[in-house]
file structure29.cif (mmCIF, C-alpha atoms)
data_upload
#
loop_
_atom_site.label_atom_id
_atom_site.label_comp_id
_atom_site.auth_asym_id
_atom_site.auth_seq_id
_atom_site.Cartn_x
_atom_site.Cartn_y
_atom_site.Cartn_z
CA MET E 1 77.68 87.19 173.19
CA THR E 2 73.91 87.13 172.74
CA THR E 3 71.94 87.54 175.94
CA PRO E 4 68.73 85.54 176.53
CA LEU E 5 66.73 88.79 176.46
CA ALA E 6 68.21 89.84 173.12
CA SER E 7 67.65 86.36 171.70
CA GLU E 8 64.03 86.43 172.85
CA HIS E 9 63.55 89.86 171.25
CA GLN E 10 65.05 88.69 167.95
CA THR E 11 62.79 85.63 167.94
CA SER E 12 59.75 87.83 168.62
CA VAL E 13 60.63 90.16 165.76
CA ALA E 14 61.36 87.31 163.36
CA ALA E 15 58.00 85.71 164.16
CA ARG E 16 56.12 88.82 163.03
CA SER E 17 54.75 88.74 159.52
CA PRO E 18 55.68 91.67 157.25
CA TRP E 19 52.07 91.69 156.06
CA LEU E 20 50.78 91.94 159.63
CA MET E 21 53.10 94.88 160.24
CA LEU E 22 51.91 96.47 156.99
CA ALA E 23 48.25 95.97 157.94
CA VAL E 24 48.64 97.51 161.41
CA ALA E 25 50.68 100.43 160.05
CA THR E 26 48.12 101.09 157.29
CA ILE E 27 45.25 101.08 159.79
CA GLY E 28 47.17 103.54 161.96
CA PHE E 29 47.85 105.80 159.00
CA ALA E 30 44.16 105.76 158.06
CA ILE E 31 43.02 106.58 161.60
CA ASN E 32 45.49 109.44 161.94
CA PHE E 33 44.48 110.82 158.54
CA TRP E 34 40.85 110.57 159.62
CA ALA E 35 41.75 112.81 162.56
CA TRP E 36 43.88 115.09 160.37
CA ALA E 37 40.91 115.79 158.06
CA LEU E 38 38.20 116.37 160.68
CA ILE E 39 37.91 120.12 160.08
CA SER E 40 37.71 120.04 156.27
CA PRO E 41 34.13 118.68 155.87
CA LEU E 42 32.90 121.23 158.44
CA GLY E 43 34.30 124.21 156.52
CA PRO E 44 31.17 124.88 154.41
CA LEU E 45 28.97 124.18 157.45
CA PHE E 46 30.78 126.79 159.54
CA ARG E 47 30.24 129.36 156.81
CA THR E 48 26.56 128.45 156.32
CA THR E 49 25.53 128.37 159.99
CA GLY E 50 27.60 131.40 160.98
CA SER E 51 28.53 129.74 164.28
CA LEU E 52 32.02 131.24 164.05
CA GLY E 53 30.85 134.63 162.89
CA PRO E 54 30.92 135.93 159.31
CA LEU E 55 33.53 133.97 157.33
CA THR E 56 34.91 134.70 153.86
CA GLU E 57 36.02 132.06 151.37
CA SER E 58 39.63 132.80 152.33
CA ASP E 59 38.80 132.31 156.04
CA VAL E 60 37.42 128.85 155.33
CA ALA E 61 40.41 128.00 153.13
CA LEU E 62 42.83 128.98 155.90
CA LEU E 63 40.87 127.01 158.49
CA VAL E 64 41.04 123.76 156.53
CA ALA E 65 44.63 124.31 155.36
CA VAL E 66 46.34 124.97 158.73
CA PRO E 67 46.39 121.27 159.82
CA VAL E 68 47.88 120.41 156.43
CA VAL E 69 50.91 122.69 156.73
CA VAL E 70 51.67 121.65 160.32
CA GLY E 71 51.35 117.97 159.50
CA SER E 72 53.61 118.51 156.52
CA LEU E 73 56.44 120.39 158.21
CA GLY E 74 56.25 118.09 161.22
CA ARG E 75 57.12 115.15 158.98
CA ILE E 76 60.67 116.41 158.64
CA ILE E 77 61.26 115.97 162.37
CA VAL E 78 59.11 112.86 162.80
CA GLY E 79 60.77 111.12 159.83
CA GLY E 80 64.19 111.67 161.39
CA LEU E 81 62.94 110.49 164.79
CA THR E 82 61.53 107.35 163.18
CA ASP E 83 64.95 106.53 161.71
CA ARG E 84 66.33 106.83 165.25
CA TYR E 85 63.62 105.26 167.43
CA GLY E 86 61.61 103.12 165.01
CA GLY E 87 57.94 102.89 164.10
CA ARG E 88 57.09 100.74 167.11
CA VAL E 89 57.72 103.77 169.35
CA MET E 90 56.63 106.58 167.05
CA PHE E 91 53.24 105.24 165.94
CA PRO E 92 51.80 105.14 169.50
CA ILE E 93 53.34 108.53 170.34
CA VAL E 94 51.91 110.33 167.30
CA SER E 95 48.50 108.70 167.75
CA GLY E 96 48.38 109.45 171.48
CA VAL E 97 49.50 113.07 171.20
CA THR E 98 46.88 113.75 168.50
CA ILE E 99 44.12 113.04 171.02
CA LEU E 100 44.93 116.26 172.90
CA PRO E 101 44.03 118.77 170.14
CA ILE E 102 40.97 116.69 169.27
CA LEU E 103 39.66 117.07 172.81
CA PHE E 104 40.60 120.77 172.82
CA ILE E 105 38.54 121.36 169.66
CA ALA E 106 35.60 119.34 170.97
CA PHE E 107 35.32 121.05 174.36
CA VAL E 108 36.86 124.50 173.85
CA ALA E 109 37.23 125.66 170.25
CA LEU E 110 34.04 124.92 168.30
CA ASP E 111 32.54 128.37 168.88
CA SER E 112 35.66 130.44 168.20
CA TYR E 113 37.42 130.86 164.86
CA SER E 114 40.74 131.83 166.46
CA LEU E 115 40.68 128.88 168.90
CA LEU E 116 39.72 126.54 166.08
CA LEU E 117 42.80 127.71 164.21
CA VAL E 118 44.89 126.88 167.28
CA GLY E 119 43.28 123.45 167.58
CA GLY E 120 43.76 122.83 163.86
CA PHE E 121 47.42 123.78 164.19
CA PHE E 122 48.08 121.01 166.71
CA LEU E 123 45.71 118.63 164.94
CA GLY E 124 48.31 118.71 162.17
CA ILE E 125 50.40 116.31 164.30
CA ALA E 126 48.22 113.51 162.97
CA GLY E 127 49.53 114.18 159.46
CA THR E 128 53.07 113.26 160.51
CA ALA E 129 52.06 109.57 160.81
CA PHE E 130 52.95 109.21 157.15
CA ALA E 131 56.64 109.81 157.88
CA VAL E 132 56.50 107.05 160.50
CA GLY E 133 54.94 104.42 158.29
CA VAL E 134 57.01 104.65 155.12
CA PRO E 135 60.43 103.80 156.68
CA PHE E 136 58.74 101.25 158.96
CA VAL E 137 57.12 99.40 156.04
CA ASN E 138 60.18 99.84 153.82
CA GLY E 139 62.33 97.92 156.31
CA TRP E 140 59.99 94.93 156.41
CA PHE E 141 59.98 94.24 152.63
CA PRO E 142 62.62 93.40 149.99
CA PRO E 143 63.28 95.95 147.23
CA LYS E 144 61.20 94.15 144.61
CA GLN E 145 58.08 94.42 146.80
CA ARG E 146 58.55 97.88 148.29
CA GLY E 147 56.59 99.75 145.65
CA LEU E 148 53.52 97.61 146.29
CA ALA E 149 53.97 97.57 150.08
CA ILE E 150 54.44 101.32 150.42
CA GLY E 151 51.59 101.86 147.97
CA ILE E 152 49.31 99.73 150.16
CA PHE E 153 50.41 101.68 153.21
CA GLY E 154 49.78 104.92 151.34
CA ALA E 155 46.19 103.82 150.78
CA GLY E 156 45.71 104.73 154.42
CA MET E 157 45.25 108.28 153.17
CA GLY E 158 41.69 107.06 152.66
CA GLY E 159 41.18 108.07 156.27
CA THR E 160 40.17 111.42 154.81
CA ALA E 161 37.24 109.62 153.15
CA ILE E 162 36.11 108.34 156.56
CA SER E 163 36.07 111.92 157.76
CA ALA E 164 34.23 113.11 154.67
CA LEU E 165 31.54 110.44 154.98
CA THR E 166 30.97 110.67 158.73
CA THR E 167 31.82 114.11 160.11
CA VAL E 168 28.87 116.11 158.76
CA LYS E 169 26.39 113.30 159.47
CA LEU E 170 27.63 112.77 163.02
CA THR E 171 27.50 116.50 163.65
CA ALA E 172 23.91 116.68 162.40
CA HIS E 173 22.64 113.66 164.35
CA LEU E 174 24.78 113.43 167.48
CA GLY E 175 26.07 116.94 168.00
CA ALA E 176 29.15 118.97 167.07
CA LYS E 177 31.43 117.19 169.56
CA SER E 178 30.62 113.65 168.43
CA PRO E 179 33.02 113.22 165.47
CA PHE E 180 35.93 114.47 167.57
CA LEU E 181 35.14 112.29 170.59
CA ILE E 182 34.70 109.17 168.46
CA THR E 183 37.96 109.79 166.61
CA GLY E 184 39.80 110.41 169.87
CA ALA E 185 38.56 107.10 171.29
CA VAL E 186 39.63 105.22 168.17
CA LEU E 187 43.08 106.83 168.32
CA ALA E 188 43.48 105.77 171.95
CA CYS E 189 42.60 102.15 171.08
CA TYR E 190 45.03 102.17 168.17
CA ALA E 191 47.91 103.64 170.20
CA LEU E 192 47.58 100.75 172.66
CA ALA E 193 47.25 98.12 169.91
CA ALA E 194 50.26 99.50 168.03
CA TRP E 195 52.44 99.31 171.14
CA LEU E 196 51.42 95.68 171.71
CA ILE E 197 51.59 94.42 168.11
CA LEU E 198 54.17 96.42 166.16
CA ARG E 199 57.83 95.44 166.08
CA ASP E 200 60.63 97.15 164.19
CA PRO E 201 62.11 95.25 161.21
CA PRO E 202 64.86 92.69 161.82
CA GLY E 203 68.33 94.15 161.36
CA ARG E 204 67.21 97.77 161.69
CA VAL E 205 70.26 99.97 162.31
CA ALA E 206 69.53 103.20 164.19
CA PRO E 207 71.67 106.19 163.13
CA THR E 208 73.96 107.68 165.75
CA THR E 209 74.43 111.15 164.26
CA SER E 210 72.31 114.12 165.30
CA LEU E 211 68.89 114.78 163.83
CA THR E 212 69.93 118.11 162.31
CA SER E 213 72.98 116.64 160.60
CA ARG E 214 70.90 113.82 159.14
CA ILE E 215 68.26 116.22 157.86
CA ALA E 216 70.96 118.33 156.21
CA ALA E 217 72.64 115.29 154.64
CA ASN E 218 69.35 113.91 153.32
CA ALA E 219 68.40 117.29 151.88
CA ARG E 220 71.55 117.23 149.75
CA LEU E 221 70.59 114.00 147.99
CA PRO E 222 69.42 114.59 144.38
CA ILE E 223 66.51 112.18 144.80
CA THR E 224 65.26 114.20 147.76
CA TRP E 225 64.64 117.50 146.03
CA GLN E 226 63.41 115.79 142.86
CA ALA E 227 60.94 113.62 144.78
CA CYS E 228 59.90 116.71 146.75
CA VAL E 229 58.78 118.39 143.53
CA LEU E 230 57.00 115.28 142.22
CA TYR E 231 55.22 114.62 145.50
CA ALA E 232 54.29 118.27 145.99
CA VAL E 233 52.34 118.02 142.74
CA ALA E 234 50.99 114.46 143.07
CA PHE E 235 50.12 114.19 146.75
CA GLY E 236 49.81 117.94 147.16
CA GLY E 237 47.17 117.98 144.45
CA TYR E 238 45.32 115.17 146.20
CA VAL E 239 45.45 116.90 149.59
CA ALA E 240 44.36 120.20 148.08
CA PHE E 241 41.30 118.63 146.53
CA SER E 242 40.47 116.54 149.57
CA VAL E 243 40.44 119.58 151.88
CA TYR E 244 38.98 122.13 149.47
CA LEU E 245 36.69 120.12 147.20
CA PRO E 246 33.64 120.39 149.50
CA ALA E 247 33.89 124.19 149.51
CA TYR E 248 34.53 124.22 145.74
CA LEU E 249 31.55 121.98 144.93
CA LYS E 250 29.24 123.93 147.19
CA THR E 251 30.24 127.28 145.70
CA ALA E 252 30.79 126.39 142.03
CA HIS E 253 28.08 123.74 141.64
CA HIS E 254 25.66 124.74 144.44
CA LEU E 255 25.70 121.36 146.21
CA THR E 256 24.63 120.86 149.82
CA PRO E 257 27.44 120.32 152.38
CA ALA E 258 26.50 116.63 152.73
CA ASP E 259 26.42 116.02 148.95
CA ALA E 260 29.72 117.87 148.49
CA ALA E 261 31.33 115.76 151.24
CA ASN E 262 30.05 112.55 149.62
CA ARG E 263 31.49 113.51 146.24
CA MET E 264 34.78 114.42 147.87
CA ALA E 265 34.78 110.96 149.44
CA GLY E 266 34.42 109.47 145.97
CA PHE E 267 37.44 111.47 144.79
CA VAL E 268 39.44 110.27 147.78
CA LEU E 269 38.37 106.64 147.29
CA VAL E 270 39.61 106.60 143.69
CA ALA E 271 42.94 108.14 144.71
CA VAL E 272 43.30 105.66 147.58
CA ILE E 273 42.68 102.65 145.34
CA MET E 274 45.14 103.91 142.75
CA ARG E 275 47.97 104.55 145.19
CA PRO E 276 48.90 100.86 145.69
CA VAL E 277 48.16 100.29 142.01
CA GLY E 278 50.69 103.00 141.20
CA GLY E 279 53.26 101.35 143.48
CA TRP E 280 52.60 97.95 141.91
CA LEU E 281 52.86 99.35 138.38
CA ALA E 282 56.11 101.06 139.36
CA ASP E 283 57.50 97.67 140.47
CA LYS E 284 56.46 96.13 137.15
CA LEU E 285 56.89 98.92 134.58
CA GLY E 286 59.19 101.41 136.27
CA GLU E 287 58.50 104.53 138.27
CA VAL E 288 59.15 107.07 135.51
CA PRO E 289 56.48 105.78 133.05
CA VAL E 290 53.86 105.72 135.81
CA LEU E 291 54.72 109.24 136.97
CA ALA E 292 54.82 110.62 133.44
CA THR E 293 51.43 109.15 132.57
CA GLY E 294 49.88 110.44 135.78
CA PHE E 295 51.09 114.00 135.29
CA GLY E 296 49.94 113.92 131.66
CA VAL E 297 46.42 113.03 132.77
CA VAL E 298 46.41 115.89 135.31
CA VAL E 299 47.50 118.38 132.64
CA VAL E 300 44.50 117.50 130.48
CA CYS E 301 41.87 117.06 133.19
CA ALA E 302 42.76 120.23 135.13
CA GLY E 303 42.41 122.18 131.88
CA VAL E 304 39.01 120.61 131.24
CA SER E 305 37.86 121.33 134.81
CA ALA E 306 38.84 124.99 134.47
CA GLY E 307 35.80 125.41 132.23
CA THR E 308 33.48 124.25 135.09
CA PRO E 309 31.77 121.54 133.04
CA PRO E 310 28.57 120.04 134.52
CA LEU E 311 29.11 117.38 137.17
CA HIS E 312 26.68 114.93 135.59
CA GLY E 313 29.04 114.51 132.63
CA ILE E 314 32.61 115.42 131.79
CA GLY E 315 33.08 117.33 135.07
CA THR E 316 32.89 114.19 137.22
CA VAL E 317 34.99 112.18 134.75
CA ALA E 318 37.73 114.83 134.82
CA PHE E 319 37.88 114.97 138.61
CA LEU E 320 37.90 111.18 139.02
CA ALA E 321 40.60 110.82 136.35
CA MET E 322 42.70 113.38 138.21
CA ALA E 323 42.13 111.46 141.42
CA ALA E 324 43.38 108.25 139.79
CA ALA E 325 46.41 109.99 138.30
CA LEU E 326 47.35 111.77 141.54
CA GLY E 327 46.97 108.55 143.57
CA ALA E 328 49.10 106.51 141.16
CA GLY E 329 51.72 109.25 141.02
CA SER E 330 51.93 109.38 144.82
CA GLY E 331 52.49 105.63 145.00
CA ALA E 332 55.12 105.70 142.26
CA THR E 333 57.04 108.55 143.94
CA PHE E 334 57.71 106.53 147.09
CA ALA E 335 58.42 103.39 145.11
CA LEU E 336 61.18 105.45 143.49
CA ILE E 337 62.50 106.66 146.85
CA ALA E 338 62.54 103.13 148.28
CA LYS E 339 64.54 101.78 145.35
CA VAL E 340 67.27 104.40 145.18
CA THR E 341 67.73 105.38 148.85
CA GLU E 342 69.67 103.59 151.57
CA PRO E 343 67.22 101.95 154.04
CA SER E 344 68.70 103.84 157.01
CA ARG E 345 67.92 107.16 155.30
CA VAL E 346 64.43 106.40 154.03
CA GLY E 347 62.75 107.94 157.09
CA GLY E 348 64.66 111.20 156.77
CA VAL E 349 64.08 111.45 153.02
CA THR E 350 60.43 110.53 153.53
CA GLY E 351 60.05 113.32 156.08
CA LEU E 352 61.37 115.93 153.68
CA VAL E 353 59.41 114.63 150.71
CA GLY E 354 56.26 114.19 152.79
CA ALA E 355 56.60 117.77 153.97
CA ALA E 356 56.80 118.95 150.38
CA GLY E 357 53.68 116.95 149.53
CA GLY E 358 51.73 118.43 152.39
CA LEU E 359 52.89 121.95 151.59
CA GLY E 360 51.84 121.29 148.02
CA GLY E 361 48.38 120.74 149.45
CA PHE E 362 48.51 123.85 151.64
CA VAL E 363 49.05 126.44 148.94
CA PRO E 364 46.34 125.59 146.34
CA PRO E 365 43.33 126.03 148.67
CA LEU E 366 44.61 129.47 149.65
CA ILE E 367 45.12 130.38 145.99
CA MET E 368 41.69 129.04 145.03
CA GLY E 369 40.01 130.99 147.83
CA TYR E 370 41.96 134.18 147.00
CA VAL E 371 41.28 133.96 143.26
CA TYR E 372 37.59 133.18 143.72
CA GLY E 373 37.20 136.05 146.16
CA ARG E 374 38.37 138.48 143.46
CA THR E 375 37.11 136.88 140.24
CA GLU E 376 34.23 134.60 141.38
CA SER E 377 35.85 131.91 139.22
CA TYR E 378 38.08 128.91 139.95
CA ALA E 379 39.44 128.75 136.40
CA VAL E 380 42.74 130.51 137.14
CA GLY E 381 43.57 128.10 139.97
CA LEU E 382 42.82 125.03 137.85
CA TRP E 383 44.87 126.35 134.93
CA LEU E 384 47.79 126.88 137.32
CA LEU E 385 47.44 123.22 138.36
CA SER E 386 47.56 122.16 134.70
CA ILE E 387 50.72 124.20 134.08
CA THR E 388 52.37 122.88 137.24
CA ALA E 389 51.64 119.28 136.23
CA ALA E 390 53.16 119.96 132.82
CA LEU E 391 56.37 121.17 134.44
CA ALA E 392 56.43 118.07 136.69
CA LEU E 393 56.00 115.90 133.60
CA LEU E 394 59.01 117.59 131.97
CA LEU E 395 61.10 117.08 135.12
CA THR E 396 60.11 113.40 135.26
CA VAL E 397 61.15 112.47 131.74
CA THR E 398 64.50 114.29 131.97
CA ILE E 399 66.28 114.74 135.30
CA VAL E 400 64.31 112.20 137.35
CA ARG E 401 64.81 109.53 134.70
CA ARG E 402 68.60 109.93 134.93
CA THR E 403 68.56 109.90 138.74
CA ALA E 404 66.42 106.76 138.81
CA THR E 405 68.75 104.94 136.44
CA LYS E 406 71.90 105.90 138.36
CA GLY E 407 70.35 105.19 141.74
CA GLN E 408 69.08 101.71 140.85
CA GLU E 409 72.45 100.80 139.32
CA ALA E 410 74.21 101.91 142.52
CA ARG E 411 71.78 100.02 144.77
#
call {"tool": "encode", "arguments": {"input": "structure29.cif", "output": "structure tokens"}}
result
Amino acid sequence: MTTPLASEHQTSVAARSPWLMLAVATIGFAINFWAWALISPLGPLFRTTGSLGPLTESDVALLVAVPVVVGSLGRIIVGGLTDRYGGRVMFPIVSGVTILPILFIAFVALDSYSLLLVGGFFLGIAGTAFAVGVPFVNGWFPPKQRGLAIGIFGAGMGGTAISALTTVKLTAHLGAKSPFLITGAVLACYALAAWLILRDPPGRVAPTTSLTSRIAANARLPITWQACVLYAVAFGGYVAFSVYLPAYLKTAHHLTPADAANRMAGFVLVAVIMRPVGGWLADKLGEVPVLATGFGVVVVCAGVSAGTPPLHGIGTVAFLAMAAALGAGSGATFALIAKVTEPSRVGGVTGLVGAAGGLGGFVPPLIMGYVYGRTESYAVGLWLLSITAALALLLTVTIVRRTATKGQEAR
């Protein structure tokens, strides 16, 4: 028997537009990613001003990479919790909790490298918002639209561009605390709005098994480990460039911190635009062709960039082409997951795959900083990216192609 309260709840959920839910989720993802990337644009500034003491290239790389690894590993847990409790609960929680490390950095940690590492560690919570949004959006759309919908949601990674464009300027004009306080206020407003507006998809079935058992079961799925590899290269490459590009451009091409941050924002913008395009193309042409093309472009462009060509010519073209390829590949990866995975397991799979993507972004900056510190050249790191993309391309056209075919037939 349906109670009046349950009937009222069902009517409220049914009245919500999938596109409204997508819009609010995408805004939340962008705001959380804005917070997640607050430290990255300040990396070169910390080294130039010496406010944290003498810093090496590896010190800066570690500082900007710590939030990435925490946000990545945290997705495993948050993805499973989203399957259980839904995005309506998890979006406000993640957004609200992120405010705490932001305030800690603003008022306590800005003059201490060790405390900034601690603040960056907990700032990584913001990066887990991705594992909330994918299963939430997936449940609101039919299979034939999920590639586009999840791609649009994924465009919220453009929050890193907001950070790149505003953090250095706000610091210069309003003081070091200002970007953190503004972001914290925006997060608080969003947490409240998300609680009032968001509703979980109609017919959502919450799993009853334990979180650990679900994580273990999802890890055994073939699509999980395959998508982990693909996303570690596609999204990991994007994250690596978005957090390390300012330091790279300043060191390799002698740009000012503000100019380097602006160019990084351009890289991010191209990747953001191409993510929903990649999801849409995956719906129309298939996920494997989109992924294969994207990895092929990265193979070529990373090899070109290894020669440090001038930015006013082929150098900029190569980086923007890589941004487009990495964005499209990220969108196509989750279009593939949505089409071959049971809806009740999408959150758990997303958490694992999202973690792999974030970890893929954690390692390259450390390698680039280490290699440059010993060779004064970034060529080795970029050649390693080219080789890694080639291996991902091979995986895509062989094993992933078979998994995609079997999975779509089963679904």
call {"tool": "residues_around", "arguments": {"input": "structure29.cif", "residues": "E:Leu198", "least_positions_apart": "4", "cutoff": "10 Å", "atoms": "only C-alpha atoms", "output": "NGL selection string"}}
result
:E and (13 or 16 or 20-22 or 24-25 or 87-89 or 91-92 or 136 or 193-194)
call {"tool": "residues_near_point", "arguments": {"input": "structure29.cif", "point": "(59.7, 117.4, 135.1)", "cutoff": "10 Å", "atoms": "all atoms listed in the file", "output": "JSON, numbers by chain"}}
result
{"E": [226, 229, 230, 291, 292, 295, 388, 389, 390, 391, 392, 393, 394, 395, 396, 397, 398, 399, 400, 401]}
call {"tool": "resolve_selection", "arguments": {"input": "structure29.cif", "expression": "the PyMOL selection byres ((chain E and resi 317) around 12)", "output": "CSV table (one decimal) with C-alpha atoms, in the frame of the given file"}}
result
chain,number,residue,atom,x,y,z
E,266,GLY,CA,34.4,109.5,146.0
E,267,PHE,CA,37.4,111.5,144.8
E,270,VAL,CA,39.6,106.6,143.7
E,297,VAL,CA,46.4,113.0,132.8
E,300,VAL,CA,44.5,117.5,130.5
E,301,CYS,CA,41.9,117.1,133.2
E,302,ALA,CA,42.8,120.2,135.1
E,304,VAL,CA,39.0,120.6,131.2
E,305,SER,CA,37.9,121.3,134.8
E,309,PRO,CA,31.8,121.5,133.0
E,310,PRO,CA,28.6,120.0,134.5
E,311,LEU,CA,29.1,117.4,137.2
E,312,HIS,CA,26.7,114.9,135.6
E,313,GLY,CA,29.0,114.5,132.6
E,314,ILE,CA,32.6,115.4,131.8
E,315,GLY,CA,33.1,117.3,135.1
E,316,THR,CA,32.9,114.2,137.2
E,318,ALA,CA,37.7,114.8,134.8
E,319,PHE,CA,37.9,115.0,138.6
E,320,LEU,CA,37.9,111.2,139.0
E,321,ALA,CA,40.6,110.8,136.4
E,322,MET,CA,42.7,113.4,138.2
E,323,ALA,CA,42.1,111.5,141.4
E,324,ALA,CA,43.4,108.2,139.8
call {"tool": "closest_residue", "arguments": {"input": "structure29.cif", "among": "E:Met90, E:Leu281, E:Ile182, E:Leu221", "to": "E:Ile337", "atoms": "all atoms listed in the file"}}
result
E:Leu221
call {"tool": "residues_around", "arguments": {"input": "structure29.cif", "residues": "E:Leu62", "least_positions_apart": "2", "cutoff": "9 Å", "atoms": "only C-alpha atoms", "output": "list in words"}}
result
Glu57, Ser58, Asp59, Val60, Val64, Ala65, Val66, Leu117, Phe362, Pro365, Leu366 and Gly369 of chain E
call {"tool": "residues_around", "arguments": {"input": "structure29.cif", "residues": "E:Thr82", "least_positions_apart": "6", "cutoff": "12 Å", "atoms": "all atoms listed in the file", "output": "VMD selection string"}}
result
chain E and resid 75 to 76 88 to 94 128 to 137 139 200 204 to 207 211 344 to 351
call {"tool": "write_last_selection", "arguments": {"input": "structure29.cif", "atoms": "C-alpha atoms", "output": "short mmCIF file (atom, residue, chain, number, x, y, z; two decimals), in the frame of the given file"}}
result
data_model
loop_
_atom_site.label_atom_id
_atom_site.label_comp_id
_atom_site.auth_asym_id
_atom_site.auth_seq_id
_atom_site.Cartn_x
_atom_site.Cartn_y
_atom_site.Cartn_z
CA ARG E 75 57.12 115.15 158.98
CA ILE E 76 60.67 116.41 158.64
CA ARG E 88 57.09 100.74 167.11
CA VAL E 89 57.72 103.77 169.35
CA MET E 90 56.63 106.58 167.05
CA PHE E 91 53.24 105.24 165.94
CA PRO E 92 51.80 105.14 169.50
CA ILE E 93 53.34 108.53 170.34
CA VAL E 94 51.91 110.33 167.30
CA THR E 128 53.07 113.26 160.51
CA ALA E 129 52.06 109.57 160.81
CA PHE E 130 52.95 109.21 157.15
CA ALA E 131 56.64 109.81 157.88
CA VAL E 132 56.50 107.05 160.50
CA GLY E 133 54.94 104.42 158.29
CA VAL E 134 57.01 104.65 155.12
CA PRO E 135 60.43 103.80 156.68
CA PHE E 136 58.74 101.25 158.96
CA VAL E 137 57.12 99.40 156.04
CA GLY E 139 62.33 97.92 156.31
CA ASP E 200 60.63 97.15 164.19
CA ARG E 204 67.21 97.77 161.69
CA VAL E 205 70.26 99.97 162.31
CA ALA E 206 69.53 103.20 164.19
CA PRO E 207 71.67 106.19 163.13
CA LEU E 211 68.89 114.78 163.83
CA SER E 344 68.70 103.84 157.01
CA ARG E 345 67.92 107.16 155.30
CA VAL E 346 64.43 106.40 154.03
CA GLY E 347 62.75 107.94 157.09
CA GLY E 348 64.66 111.20 156.77
CA VAL E 349 64.08 111.45 153.02
CA THR E 350 60.43 110.53 153.53
CA GLY E 351 60.05 113.32 156.08
#
call {"tool": "residues_around", "arguments": {"input": "structure29.cif", "residues": "E:Gly278", "least_positions_apart": "5", "cutoff": "8 Å", "atoms": "all atoms listed in the file", "output": "MDAnalysis selection string"}}
result
chainID E and resid 148 151 290 327:332
call {"tool": "atom_distance", "arguments": {"input": "structure29.cif", "atom1": "atom CA of E:Ala247", "atom2": "atom CA of E:Ala355"}}
result
24.0 Å
call {"tool": "closest_residue", "arguments": {"input": "structure29.cif", "among": "E:Ala227, E:Ala155, E:Val353, E:Ala252", "to": "E:Leu336", "atoms": "only C-alpha atoms"}}
result
E:Ala227
call {"tool": "closest_residue", "arguments": {"input": "structure29.cif", "among": "E:Gly120, E:Pro201, E:Pro179, E:Pro67", "to": "E:Ser163", "atoms": "all atoms listed in the file"}}
result
E:Pro179
call {"tool": "resolve_selection", "arguments": {"input": "structure29.cif", "expression": "the PyMOL selection byres ((chain E and resi 265) around 9)", "output": "number ranges by chain"}}
result
E: 158, 160-165, 242, 260-264, 266-270
